[in-house]
$ cat start-v3.cif   # mmCIF, C-alpha atoms
data_coords
loop_
_atom_site.label_atom_id
_atom_site.label_comp_id
_atom_site.auth_asym_id
_atom_site.auth_seq_id
_atom_site.Cartn_x
_atom_site.Cartn_y
_atom_site.Cartn_z
CA MET A 5 2.52 64.31 -29.02
CA ASP A 6 4.17 66.41 -31.71
CA VAL A 7 4.92 69.73 -30.02
CA LEU A 8 4.24 73.08 -31.69
CA PHE A 9 5.13 75.41 -28.80
CA ALA A 10 7.22 74.38 -25.82
CA VAL A 11 7.21 76.79 -22.87
CA ARG A 12 9.60 76.42 -19.96
CA HIS A 13 10.39 78.49 -16.86
CA LEU A 14 8.01 81.30 -17.79
CA LYS A 15 7.37 83.87 -15.08
CA VAL A 16 6.02 87.38 -15.64
CA GLN A 17 6.22 89.65 -12.63
CA PRO A 18 6.17 93.38 -13.37
CA ARG A 19 6.98 95.48 -10.32
CA HIS A 20 7.70 92.24 -8.41
CA GLN A 21 4.06 91.10 -8.65
CA CYS A 22 3.74 87.71 -10.32
CA ILE A 23 0.92 87.73 -12.90
CA LEU A 24 1.91 84.57 -14.76
CA SER A 25 3.87 81.47 -13.77
CA VAL A 26 4.13 78.54 -16.17
CA PRO A 27 6.91 76.09 -15.29
CA ALA A 28 6.22 73.89 -18.33
CA LEU A 29 3.59 73.74 -21.09
CA ASP A 30 3.53 71.92 -24.42
CA LEU A 31 1.03 72.83 -27.14
CA PRO A 32 0.43 70.26 -29.89
CA LYS A 33 0.91 70.67 -33.63
CA ASN A 34 -1.92 70.64 -36.15
CA LYS A 35 -4.56 71.61 -33.59
CA HIS A 36 -6.86 74.50 -32.87
CA ILE A 37 -6.03 75.50 -29.32
CA ALA A 38 -8.18 77.71 -27.10
CA ILE A 39 -6.87 79.50 -24.01
CA ILE A 40 -9.77 80.14 -21.61
CA GLY A 41 -10.26 81.43 -18.08
CA PRO A 42 -11.78 84.32 -16.14
CA ASN A 43 -10.65 87.93 -16.39
CA GLY A 44 -7.11 88.44 -15.14
CA ALA A 45 -6.22 84.76 -15.49
CA GLY A 46 -3.17 85.55 -17.66
CA LYS A 47 -4.54 84.39 -21.02
CA SER A 48 -3.29 87.28 -23.16
CA THR A 49 -0.01 87.40 -21.23
CA LEU A 50 0.58 83.74 -22.07
CA LEU A 51 -0.31 84.30 -25.72
CA ARG A 52 2.18 87.20 -25.96
CA ALA A 53 4.78 84.96 -24.34
CA LEU A 54 4.44 82.65 -27.35
CA LEU A 55 5.80 85.57 -29.38
CA GLY A 56 8.84 85.63 -27.13
CA LEU A 57 7.77 88.91 -25.53
CA ASN A 58 7.46 87.88 -21.88
CA GLY A 59 10.65 86.00 -21.11
CA GLY A 60 10.97 82.33 -20.32
CA GLU A 61 12.20 79.69 -22.74
CA VAL A 62 9.81 79.46 -25.71
CA SER A 63 10.42 77.31 -28.77
CA LEU A 64 8.33 76.91 -31.91
CA ASN A 65 8.82 73.79 -34.03
CA GLY A 66 11.85 72.97 -31.89
CA ASP A 67 13.55 76.27 -32.73
CA ARG A 68 13.79 79.60 -30.92
CA VAL A 69 10.54 81.43 -31.50
CA HIS A 70 12.38 84.58 -32.69
CA ASN A 71 14.01 82.59 -35.50
CA GLN A 72 10.64 81.20 -36.58
CA ILE A 73 9.07 84.67 -36.61
CA LYS A 74 11.84 85.93 -38.91
CA GLN A 75 11.04 83.08 -41.29
CA GLY A 76 7.38 84.14 -41.51
CA VAL A 77 6.05 81.06 -39.74
CA LEU A 78 3.77 82.97 -37.37
CA ALA A 79 0.97 85.53 -37.86
CA TRP A 80 -0.62 87.53 -35.02
CA VAL A 81 -3.94 89.26 -34.35
CA GLY A 82 -3.86 91.32 -31.16
CA GLN A 83 -6.63 93.19 -29.39
CA HIS A 84 -5.50 96.54 -30.80
CA GLY A 85 -4.42 97.45 -34.32
CA GLN A 86 -2.64 100.48 -35.75
CA PHE A 87 -5.80 102.10 -37.07
CA ASN A 88 -4.47 105.65 -36.95
CA LEU A 89 -2.32 105.00 -40.01
CA PRO A 90 -3.25 106.95 -43.17
CA LEU A 91 -4.04 103.77 -45.09
CA THR A 92 -7.01 102.36 -46.94
CA VAL A 93 -8.31 98.94 -45.96
CA VAL A 94 -6.50 97.32 -48.90
CA GLU A 95 -3.24 99.04 -47.99
CA TYR A 96 -3.64 98.07 -44.32
CA VAL A 97 -4.23 94.36 -44.92
CA GLN A 98 -1.30 94.27 -47.33
CA LEU A 99 1.17 95.33 -44.66
CA SER A 100 2.00 91.62 -44.62
CA HIS A 101 2.63 91.43 -48.38
CA ARG A 102 6.38 90.77 -48.16
CA THR A 103 5.88 87.61 -46.15
CA PHE A 104 3.07 86.59 -48.45
CA LEU A 105 5.13 87.06 -51.61
CA ARG A 106 7.82 84.79 -50.23
CA ARG A 107 5.18 82.08 -50.00
CA GLN A 108 3.54 82.65 -53.38
CA ASN A 109 4.99 82.48 -56.87
CA ARG A 110 2.89 84.98 -58.78
CA LEU A 111 1.50 88.42 -58.12
CA SER A 112 -1.83 87.23 -59.53
CA ASP A 113 -2.01 84.63 -56.77
CA LYS A 114 -1.67 87.36 -54.20
CA LYS A 115 -4.43 89.49 -55.74
CA THR A 116 -6.76 86.51 -55.97
CA ARG A 117 -6.12 85.58 -52.37
CA LEU A 118 -6.62 89.18 -51.23
CA ASN A 119 -9.96 89.48 -53.02
CA GLN A 120 -11.13 86.13 -51.67
CA LEU A 121 -10.39 87.15 -48.08
CA LEU A 122 -11.99 90.59 -48.45
CA GLU A 123 -15.13 88.93 -49.76
CA GLN A 124 -15.07 86.19 -47.12
CA PHE A 125 -15.02 88.77 -44.33
CA ASP A 126 -17.40 91.31 -45.94
CA LEU A 127 -14.79 93.99 -46.58
CA GLN A 128 -14.78 94.21 -50.37
CA HIS A 129 -17.14 97.21 -50.39
CA LEU A 130 -14.90 99.00 -47.88
CA ALA A 131 -11.61 98.27 -49.62
CA ARG A 132 -10.89 101.92 -50.57
CA GLN A 133 -12.02 103.48 -47.31
CA ARG A 134 -9.54 104.67 -44.69
CA ILE A 135 -8.98 102.04 -42.02
CA GLY A 136 -9.49 104.64 -39.30
CA SER A 137 -13.02 105.40 -40.49
CA LEU A 138 -14.30 101.86 -39.99
CA SER A 139 -16.28 100.55 -37.04
CA GLY A 140 -14.57 98.40 -34.40
CA GLY A 141 -15.94 95.20 -35.90
CA GLU A 142 -14.86 96.16 -39.42
CA GLN A 143 -11.36 97.00 -38.18
CA GLN A 144 -11.15 93.66 -36.41
CA ARG A 145 -12.09 91.85 -39.60
CA ALA A 146 -9.36 93.79 -41.41
CA ASN A 147 -6.91 92.66 -38.72
CA ILE A 148 -7.93 89.06 -39.34
CA VAL A 149 -7.55 89.39 -43.12
CA ARG A 150 -4.11 90.98 -42.64
CA ALA A 151 -2.99 87.93 -40.64
CA LEU A 152 -4.53 85.36 -42.97
CA LEU A 153 -2.94 87.02 -45.99
CA GLN A 154 0.48 86.11 -44.61
CA ASN A 155 -0.26 82.43 -45.27
CA ALA A 156 1.62 81.57 -42.09
CA PRO A 157 1.30 77.99 -40.79
CA VAL A 158 0.75 79.24 -37.22
CA LEU A 159 -1.85 81.82 -36.12
CA LEU A 160 -1.99 83.50 -32.71
CA LEU A 161 -5.33 85.21 -32.11
CA ASP A 162 -5.99 87.30 -29.00
CA GLU A 163 -9.76 87.47 -28.55
CA PRO A 164 -10.40 87.37 -32.32
CA CYS A 165 -14.17 87.65 -31.84
CA ASN A 166 -13.80 90.95 -29.98
CA HIS A 167 -16.14 93.58 -31.55
CA LEU A 168 -17.55 91.02 -34.03
CA ASP A 169 -21.29 90.44 -34.25
CA ILE A 170 -22.66 86.90 -34.06
CA ARG A 171 -22.65 86.36 -37.83
CA HIS A 172 -19.02 87.36 -38.24
CA GLN A 173 -17.95 85.41 -35.15
CA GLN A 174 -19.41 82.27 -36.67
CA ARG A 175 -18.01 83.10 -40.10
CA LEU A 176 -14.50 83.43 -38.64
CA MET A 177 -14.69 80.20 -36.65
CA SER A 178 -16.18 78.33 -39.61
CA TYR A 179 -13.36 79.62 -41.82
CA LEU A 180 -10.76 78.39 -39.35
CA ARG A 181 -12.45 74.99 -39.19
CA GLN A 182 -12.69 74.68 -42.99
CA HIS A 183 -8.97 75.45 -43.33
CA LYS A 184 -7.87 73.32 -40.41
CA ALA A 185 -5.30 71.49 -42.52
CA ASP A 186 -3.64 74.79 -43.51
CA PHE A 187 -2.53 76.14 -40.12
CA SER A 188 -2.35 75.60 -36.39
CA VAL A 189 -4.24 78.13 -34.27
CA VAL A 190 -3.75 79.31 -30.69
CA MET A 191 -6.49 81.71 -29.62
CA VAL A 192 -7.77 83.39 -26.49
CA LEU A 193 -11.54 82.92 -26.21
CA HIS A 194 -14.09 84.10 -23.66
CA ASP A 195 -17.05 82.18 -25.09
CA LEU A 196 -17.03 78.70 -23.56
CA THR A 197 -19.49 77.31 -26.10
CA MET A 198 -17.30 78.52 -28.94
CA ALA A 199 -14.20 77.01 -27.35
CA ALA A 200 -15.97 73.68 -26.82
CA ASN A 201 -17.12 73.42 -30.44
CA TYR A 202 -14.12 74.79 -32.32
CA ALA A 203 -11.05 73.86 -30.27
CA ASP A 204 -9.32 70.47 -30.22
CA PHE A 205 -7.13 71.34 -27.25
CA VAL A 206 -7.85 73.70 -24.34
CA VAL A 207 -5.62 75.50 -21.87
CA LEU A 208 -7.62 76.52 -18.79
CA MET A 209 -6.05 79.31 -16.73
CA ASN A 210 -6.73 80.98 -13.41
CA GLN A 211 -4.80 83.52 -11.36
CA GLY A 212 -1.75 83.42 -13.62
CA ALA A 213 -1.40 79.64 -13.71
CA VAL A 214 -2.36 76.79 -16.03
CA VAL A 215 -5.02 74.77 -14.21
CA ALA A 216 -5.47 72.14 -16.94
CA ALA A 217 -4.37 71.56 -20.52
CA GLY A 218 -5.49 68.80 -22.85
CA ASN A 219 -8.39 67.38 -24.82
CA THR A 220 -11.29 69.84 -24.95
CA GLU A 221 -13.92 67.56 -23.44
CA GLU A 222 -11.64 66.41 -20.64
CA VAL A 223 -10.59 69.93 -19.64
CA MET A 224 -13.99 71.60 -19.97
CA GLN A 225 -15.82 69.69 -17.26
CA PRO A 226 -18.71 71.70 -15.74
CA GLU A 227 -17.56 71.13 -12.16
CA ARG A 228 -14.07 72.39 -12.92
CA LEU A 229 -15.33 75.38 -14.90
CA SER A 230 -17.84 76.29 -12.17
CA ALA A 231 -15.05 76.30 -9.59
CA ILE A 232 -12.71 78.41 -11.74
CA TYR A 233 -15.32 80.95 -12.88
CA GLN A 234 -17.03 80.91 -9.46
CA TRP A 235 -20.41 80.58 -11.15
CA PRO A 236 -22.65 77.57 -11.82
CA ILE A 237 -22.02 76.25 -15.34
CA THR A 238 -23.95 73.44 -17.04
CA ARG A 239 -22.89 71.47 -20.12
CA ILE A 240 -25.61 70.64 -22.65
CA CYS A 241 -25.16 68.37 -25.68
CA GLU A 242 -27.52 68.69 -28.66
CA GLU A 243 -26.75 66.57 -31.70
CA GLU A 244 -23.24 67.64 -32.79
CA MET A 245 -23.12 70.85 -30.73
CA VAL A 246 -22.07 71.47 -27.14
CA PHE A 247 -23.45 74.40 -25.17
CA PHE A 248 -22.43 75.85 -21.82
CA ARG A 249 -25.19 77.54 -19.85
CA MET A 250 -24.49 79.92 -17.01
CA GLY A 251 -26.65 79.81 -13.89
CA MET A 252 -29.04 82.71 -13.43
CA ALA A 253 -28.19 85.45 -10.95
CA GLU A 254 -30.57 85.63 -8.00
CA LYS A 255 -33.32 88.14 -8.45
CA ILE A 256 -32.60 91.32 -6.53
CA ILE A 257 -35.61 92.68 -4.65
#
$ encode --input "start-v3.cif" --output "structure tokens"
Amino acid sequence: MDVLFAVRHLKVQPRHQCILSVPALDLPKNKHIAIIGPNGAGKSTLLRALLGLNGGEVSLNGDRVHNQIKQGVLAWVGQHGQFNLPLTVVEYVQLSHRTFLRRQNRLSDKKTRLNQLLEQFDLQHLARQRIGSLSGGEQQRANIVRALLQNAPVLLLDEPCNHLDIRHQQRLMSYLRQHKADFSVVMVLHDLTMAANYADFVVLMNQGAVVAAGNTEEVMQPERLSAIYQWPITRICEEEMVFFRMGMAEKII
């Protein structure tokens, strides 16, 4: 397996309480990778560790992750953006323009790419509005455009569908699938059905540890998921789609 990220000896324990322990984890190149697990499993903490923020030994493309970040190899979408800045949507998404210009030859290429992304994520009519005036979903789409505009070969997305309605969730995931050859993606997802249909490789976490990592179908077995989420989960296959159905809660009388 060609390794994109290699994580070794990672342990996060603020105030002497261990919230994440990953002795060793390799994430493959040229894949869309989903990190899944219940609340508090350590998903976002692991994703931030890939930025070199949580200690441990983390390499990207065989090099120190900090060196790769300086070279513009990695783009990031977190759960919270800097929306209190006095910027329009266009100005906000172009915060990444320096990295982008290093990867493009002409200013016209940049403008074309910017307009394409604004249209793709339904932001063209909001381009001159202040970023702080937008709804949560609109701000999240601006965050995604800002990252994509960097043209980085690696994307880290922390709950990218957060605040997005169903249409824009599917539009984002379809965009990532259509451009699969352009970048590797590591994303935290809560929706098991989405992870099953859009990820090639899955990291399943629980209580600060990696329970399983590998091929999506092999990792996302209903019995294993039911045990981790402590809720009955059924896998349903319909044509080319896979669905995960949660058991119904008992009726309270």
$ closest_residue --input "start-v3.cif" --among "A:Arg12, A:His172, A:His84, A:Arg132" --to "Glu61 in chain A" --atoms "all atoms listed in the file"
A:Arg12
$ closest_residue --input "start-v3.cif" --among "A:Arg68, A:Gln144, A:Lys114, A:Ala151" --to "Asn166 in chain A" --atoms "all atoms listed in the file"
A:Gln144
$ atom_distance --input "start-v3.cif" --atom1 "CA of Gly140 in chain A" --atom2 "CA of Tyr96 in chain A"
14.8 Å
$ residues_around --input "start-v3.cif" --residues "Glu123 in chain A" --least-positions-apart "5" --cutoff "12 Å" --atoms "all atoms listed in the file" --output "ChimeraX atom specification"
/A:116-118,128-131,145-146,149,175
$ resolve_selection --input "start-v3.cif" --expression "the PyMOL selection byres ((chain A and resi 21-33) around 7)" --output "ChimeraX atom specification"
/A:5-20,34-35,46,188,212-214
$ closest_residue --input "start-v3.cif" --among "A:Ile37, A:Leu127, A:Val189, A:Val81" --to "Pro157 in chain A" --atoms "all atoms listed in the file"
A:Val189
$ closest_residue --input "start-v3.cif" --among "A:Val93, A:Gly60, A:Gln154, A:Asn119" --to "Gly76 in chain A" --atoms "only C-alpha atoms"
A:Gln154
$ atom_distance --input "start-v3.cif" --atom1 "CA of His194 in chain A" --atom2 "CA of Gly41 in chain A"
7.3 Å
